[in-house]
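First the structure, in the form of structure tokens, and then the observations on it.
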Amino acid sequence: MSLFSRLLSYLGLKKKEVNILVVGLDNSGKTTILNNFKKDEDKSQEIVATIGFNVESFHVNNLTFSAFDMSGQGRYRNLWEHYFKGIHAIVFVIDSSDSLRLVVAKDELDLMLKHDEIASKPNLPLLIFANKMDLRDALSSVRISQALGLESLQERPWHIQASNAITGQGLQEGIQWLTEQLINQKK
Amino acid sequence: MDSDEQNISGLLDDQSTLDDRRTSSSLSNQVISGESKETLISKPEIASKWLTAYNDNLCSLYTLTACICFVDLNGDGDQKLVIADLGNGVQGMKLNIYKGTFILSQLTLIDCPSGVVSFYMDSNAPRIPAIGVASGSYLYIYKNLKPFYKFGLPSLEIHPSEQDAWNQLVADKIDASQLKVLLENLRIEVGEASLTARSQRLIDLTDPGVIDDFIGRYKDQPLKRSTIITCIATIKKTVDEDNNLNCLIIGTENKDILIIEPDAFTILTSVQLPSIPVFLEISGLFNVEYRVIVSCRDACIYTIKRGFKTGRLCVQLNSQPVGLVRYNNNIIVGTMDQCLSCFTINGNCVWKINQQSGITCLTAIEVEILGLTLIAVALESRTVVFYNGKSKVDTIETENVITSMKFGRYGREDNTLVMVSRSGSLSIRILKRTAKFTSIESDFGEAGSGSTMKMNIPKKTKLFIDQSVREPIHRAFQQDLYRLRLVVARAYVKAIAASLNPMSSNAVDPLKLSAQVHGLGPVFRLILEIQNTSLDQPSYNLNLFFYCDVKIYRIHRNFIPVPNLQPGYIYTFATKVECVNELNVSDFIKIHVVREGDSTPIITAIINMPSSETPV
Ligand SMILES: Nc1nc2c(ncn2[C@@H]2O[C@H](COP(=O)(O)OP(=O)(O)OP(=O)(O)O)[C@@H](O)[C@H]2O)c(=O)[nH]1
Ligand SMILES: [Mg+2]
């Protein structure tokens, strides 16, 4: 890193690189959300269920995000914990219309937050997308935050955001909150 | 901010409430920090391997394990739950289709359902299965939740006398009451089940007005005897893939099993059984090789193989089965005597575990991700116990007695257990991803055989081989010895039961009786010796009675009073016995020692008399 760019980054002018982990049950819309942040020419038209994981990078709010898009299928969920190291934020995506599996999402979220790597970083921000809010059976983000027991998260900064990954609604707001958190922490 | 209100208000509100939420989140952080409420509450859930996804105590479902199934209704892998509700058993029968925690659709059923299956009836793409509901004598097929086809079971032969009786009525040769008498007699002769429903109903009617009305309404319609579906299952036709063509297997009240091809609804195979089938379990492919395991109302399990026209008896159970599950190549059956048993296909019992209370239903739990099949057993004691083989690996306590349950893929969750309780509540549990099933407790005392621990077994020696050759001989010997002991024990019990032994072990009167016969006949002298074997207790007021065939013997003193027996001394009595039979046959004489006023003898001696000389 040259002296100049180091100077820039001290001044907060250079683009910062942040690593985020995008997790959530299968079919919750993780890949679709990340697809929205990509430049138009990079966007994929057809989104298929993720196998294992993908790494995506995009620029939002002067930050360079590199996101681990993990697969949410049961048999791949044990991969999540291998990417807990070195991340700056967690994005947890929930299918608001899948009321049946809300308990499963809670169980996975609890497991993750209890993991040593995450528990030892109590100010690692947690952004929750209550996705698929356009669907008829979708639960409200308040109901979801109750079901997940988010109020009982103690120090950790968290935010729940209703979203529609197909139209992109709510995504900017979510990432905005995340950016603020990251910038505040850097200071 | 009301949650429901937010749900309705939709997109615009979400933007405006965004800021509220942000503050509320930071607020809640401050308020709750330092409280350990959460860890306390979630403690019991950590212990459980199951997450409670949904609980509805008010849906008042009445259903059977066979009436629950998962259907990939749209062919997108998001499975729906179908529960056929028996209503109150007479009315209110419904087919409920659930998506997630909501009811997607509710269809009315006309008759009581006995089973629901999901099956692929054609090879069209996209692969969308049909729902088959067995109800009364019909199989109702639904496609895309719309009635598609109604398959009626073939009608059965009508007894000629029954047909004749109705014909006579139509021809006015007999009247209603005569018809009723004819039918009642026929019922005694051939049994109720062989009559048509119309005749059964007529026999039940008593009021003459109602009878006339009934006959007037139905007499001109042709008689029809139909049977009722008791159970239903599916079998894959040619290829063992998840969404390939199926055939339907149904069991009927007419004691047969029909295999039906759902393209044109033709009956491919029909198999006769000795009794009425209740539970079905299927393995294999219809066109290759298959086996149907069926338990019947005669408490027997039969197996049917491809190409056979009758069922083969596999196991005769001691008690009525309440659930049947195929487990690897074995059969697991829960019976009303609180037993869970495992049998091989050949009917040998592998193990048997007594349960703490009555079994209400069984289901197989196939956890693909763990490569494991468990058996869930619901008990009257409001628990569901999970067995891996014969070791207990988990239990769930429930609020109510679970009476039906199914495990499978529901929604997008592979490991979902749906349970319906006796009080009609519906509970959906999801197996945790991190769940591991290890034996929690071994019922070895009850299981009776072996432990699962691997033992350090040394190599086979020559001695061992020799020994194993001798073993069958030894076993045969042992077996005969046991038989002998059994015969002896039986004889002994019989003797004691009838006080037939010449030694009394009675605590009050320990007596010993022996008898001798002197002489060659036809006149004998019978000498009896009786001894009180106790140390210090004399016996009083005993009587000796003789019992014999009066056509053969005449006894001079039929009755000898014994007023006093001092301990230790031998008292001798004698009487003359004369053989009065001309053919000089010999017979036995019984001597009973009876206490005055008692009716059962204290001891009895049987004397086999020698054959008598001819009188000179
Ligand atoms: N109606 C609606 N559908 C959505 C929304 N977001 C995603 N979907 C759809 O949900 C399906 C699953 O989306 P994915 O992005 O593949 O889900 P995922 O979380 O990446 O799933 P895995 O990779 O299997 O973990 C796709 O068919 C999307 O079109 C939404 O906001 N509304
Ligand atoms: Mg994905």
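Residue numbering restarts at 1 for every chain of the structure tokens, chains are lettered A, B, ... in their displayed order, and ligands are numbered from 1 as they appear.
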
Next item on the list: Give the strand (DSSP E) residues of segment 420-564 of chain B, as DSSP finds them on the backbone, and put them as a PyMOL selection string.
Entry: chain B and resi 420-421+426-431+511-518+523-532+539-547+553-555+559-564

Next item on the list: Would you mind listing the residues within 12 Å of ligand 2, counting only C-alpha atoms and all ligand atoms, as number ranges by chain?
Entry: A: 22-35, 46-56, 67-73, 76, 93

Residues of the last selection are to be written out with N, CA, C and O atoms, as a compact mmCIF listing (two decimals), in the first residue's frame.
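That gives us selection_19.txt:
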# COMPACT_ATOMS: atom_id res chain seq x y z
N VAL A 22 -23.40 -13.64 4.00
CA VAL A 22 -24.84 -13.64 3.74
C VAL A 22 -25.36 -15.06 3.98
O VAL A 22 -25.00 -15.99 3.25
N VAL A 23 -26.16 -15.21 5.02
CA VAL A 23 -26.68 -16.54 5.36
C VAL A 23 -28.20 -16.46 5.50
O VAL A 23 -28.79 -15.39 5.46
N GLY A 24 -28.80 -17.61 5.71
CA GLY A 24 -30.25 -17.72 5.79
C GLY A 24 -30.65 -19.04 5.18
O GLY A 24 -29.85 -19.67 4.48
N LEU A 25 -31.89 -19.48 5.45
CA LEU A 25 -32.33 -20.77 4.93
C LEU A 25 -32.37 -20.76 3.41
O LEU A 25 -32.38 -19.70 2.79
N ASP A 26 -32.41 -21.94 2.84
CA ASP A 26 -32.50 -22.05 1.39
C ASP A 26 -33.79 -21.38 0.91
O ASP A 26 -34.78 -21.32 1.63
N ASN A 27 -33.74 -20.87 -0.29
CA ASN A 27 -34.90 -20.24 -0.93
C ASN A 27 -35.34 -18.93 -0.27
O ASN A 27 -36.40 -18.42 -0.54
N SER A 28 -34.50 -18.37 0.61
CA SER A 28 -34.92 -17.13 1.28
C SER A 28 -34.66 -15.92 0.39
O SER A 28 -35.25 -14.87 0.59
N GLY A 29 -33.78 -16.06 -0.58
CA GLY A 29 -33.55 -14.95 -1.52
C GLY A 29 -32.20 -14.29 -1.39
O GLY A 29 -32.01 -13.15 -1.83
N LYS A 30 -31.22 -14.96 -0.79
CA LYS A 30 -29.89 -14.38 -0.59
C LYS A 30 -29.23 -14.02 -1.92
O LYS A 30 -28.77 -12.89 -2.11
N THR A 31 -29.23 -14.97 -2.83
CA THR A 31 -28.57 -14.73 -4.12
C THR A 31 -29.28 -13.62 -4.88
O THR A 31 -28.65 -12.77 -5.51
N THR A 32 -30.62 -13.62 -4.77
CA THR A 32 -31.39 -12.59 -5.46
C THR A 32 -31.07 -11.20 -4.90
O THR A 32 -30.96 -10.23 -5.65
N ILE A 33 -30.90 -11.09 -3.60
CA ILE A 33 -30.57 -9.80 -2.97
C ILE A 33 -29.21 -9.32 -3.47
O ILE A 33 -29.07 -8.17 -3.91
N LEU A 34 -28.22 -10.21 -3.44
CA LEU A 34 -26.88 -9.80 -3.86
C LEU A 34 -26.86 -9.43 -5.33
O LEU A 34 -26.16 -8.51 -5.76
N ASN A 35 -27.67 -10.13 -6.10
CA ASN A 35 -27.74 -9.87 -7.52
C ASN A 35 -28.18 -8.42 -7.79
O ASN A 35 -27.73 -7.79 -8.74
N GLU A 46 -30.92 -15.52 -14.54
CA GLU A 46 -31.58 -16.67 -13.91
C GLU A 46 -30.85 -17.02 -12.62
O GLU A 46 -29.63 -17.18 -12.63
N ILE A 47 -31.61 -17.11 -11.56
CA ILE A 47 -30.98 -17.42 -10.28
C ILE A 47 -31.35 -18.85 -9.89
O ILE A 47 -32.52 -19.20 -9.84
N VAL A 48 -30.31 -19.63 -9.69
CA VAL A 48 -30.56 -21.01 -9.29
C VAL A 48 -30.10 -21.19 -7.86
O VAL A 48 -29.33 -20.37 -7.34
N ALA A 49 -30.57 -22.25 -7.24
CA ALA A 49 -30.18 -22.52 -5.86
C ALA A 49 -28.66 -22.65 -5.79
O ALA A 49 -28.03 -23.30 -6.63
N THR A 50 -28.08 -22.00 -4.79
CA THR A 50 -26.63 -21.99 -4.65
C THR A 50 -26.15 -23.34 -4.10
O THR A 50 -26.76 -23.91 -3.22
N ILE A 51 -25.07 -23.81 -4.67
CA ILE A 51 -24.45 -25.03 -4.17
C ILE A 51 -23.18 -24.60 -3.43
O ILE A 51 -22.37 -23.87 -4.00
N GLY A 52 -23.03 -25.03 -2.21
CA GLY A 52 -21.85 -24.63 -1.44
C GLY A 52 -21.90 -23.14 -1.13
O GLY A 52 -22.65 -22.73 -0.28
N PHE A 53 -21.12 -22.33 -1.84
CA PHE A 53 -21.21 -20.88 -1.65
C PHE A 53 -20.64 -20.18 -2.88
O PHE A 53 -19.95 -20.78 -3.71
N ASN A 54 -20.92 -18.87 -2.99
CA ASN A 54 -20.35 -18.03 -4.04
C ASN A 54 -19.78 -16.79 -3.38
O ASN A 54 -20.27 -16.38 -2.34
N VAL A 55 -18.77 -16.19 -4.01
CA VAL A 55 -18.28 -14.91 -3.52
C VAL A 55 -18.66 -13.86 -4.55
O VAL A 55 -18.40 -14.02 -5.73
N GLU A 56 -19.34 -12.82 -4.08
CA GLU A 56 -19.76 -11.74 -4.96
C GLU A 56 -19.14 -10.45 -4.44
O GLU A 56 -18.98 -10.29 -3.23
N ALA A 67 -19.01 -10.32 -0.61
CA ALA A 67 -20.03 -11.06 0.13
C ALA A 67 -19.88 -12.55 -0.11
O ALA A 67 -19.72 -12.99 -1.25
N PHE A 68 -19.94 -13.29 0.98
CA PHE A 68 -20.00 -14.75 0.87
C PHE A 68 -21.47 -15.13 0.82
O PHE A 68 -22.17 -15.01 1.81
N ASP A 69 -21.90 -15.56 -0.36
CA ASP A 69 -23.29 -15.98 -0.52
C ASP A 69 -23.35 -17.48 -0.23
O ASP A 69 -23.05 -18.30 -1.09
N MET A 70 -23.72 -17.80 1.00
CA MET A 70 -23.71 -19.21 1.41
C MET A 70 -24.98 -19.90 0.93
O MET A 70 -26.05 -19.29 0.85
N SER A 71 -24.88 -21.18 0.69
CA SER A 71 -26.09 -21.94 0.37
C SER A 71 -26.85 -22.20 1.67
O SER A 71 -26.24 -22.46 2.70
N GLY A 72 -28.17 -22.12 1.61
CA GLY A 72 -28.96 -22.31 2.82
C GLY A 72 -29.49 -23.72 2.98
O GLY A 72 -30.15 -24.02 3.97
N GLN A 73 -29.19 -24.59 2.04
CA GLN A 73 -29.72 -25.96 2.16
C GLN A 73 -29.12 -26.67 3.37
O GLN A 73 -27.96 -26.49 3.69
N TYR A 76 -25.66 -27.97 3.51
CA TYR A 76 -24.52 -27.06 3.36
C TYR A 76 -24.40 -26.09 4.53
O TYR A 76 -23.46 -25.30 4.58
N VAL A 93 -30.86 -13.54 5.91
CA VAL A 93 -32.04 -13.35 5.06
C VAL A 93 -33.12 -14.35 5.46
O VAL A 93 -32.84 -15.53 5.67

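Distance-wise, atom CA of Ser163 of chain A and atom CA of Ser66 of chain A end up 20.6 Å apart.
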
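Between atom CA of Asp95 of chain A and atom CA of Asn123 of chain A there is a distance of 25.2 Å.
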
Note to self: Report as number ranges by chain all protein, DNA and RNA residues lying within 10 Å of Leu107 of chain B, evaluated on only C-alpha atoms, omitting residues in the same chain fewer than 2 positions from it.
What the structure shows: B: 84, 93-97, 105, 109-110, 145-147

Notebook entry, point to check: Skipping near chain neighbours, those fewer than 6 positions away, what residues fall within 8 Å of Val385 of chain B using only C-alpha atoms, listed as an MDAnalysis selection string?
Noted result: chainID B and resid 376:379 392:396

Next item on the list: Starting from chain A, keep only residues with some atom at most 6 Å from an atom of chain B, counting only C-alpha atoms, and report them as a PyMOL selection string.
Entry: chain A and resi 100+103+140+142+151+154

Check: Any idea what's packed within 10 Å of Ile158 of chain B, counting only C-alpha atoms, ignoring anything in its chain fewer than 4 positions away? Could you give it as a ChimeraX atom specification?
Finding: /B:162-164,194-196,223-226

Item checked: Residues of segment 160-274 of chain B in helix (DSSP H, G or I), written as a PyMOL selection string -> chain B and resi 160-170+176-190+192-194+197-204+208-218
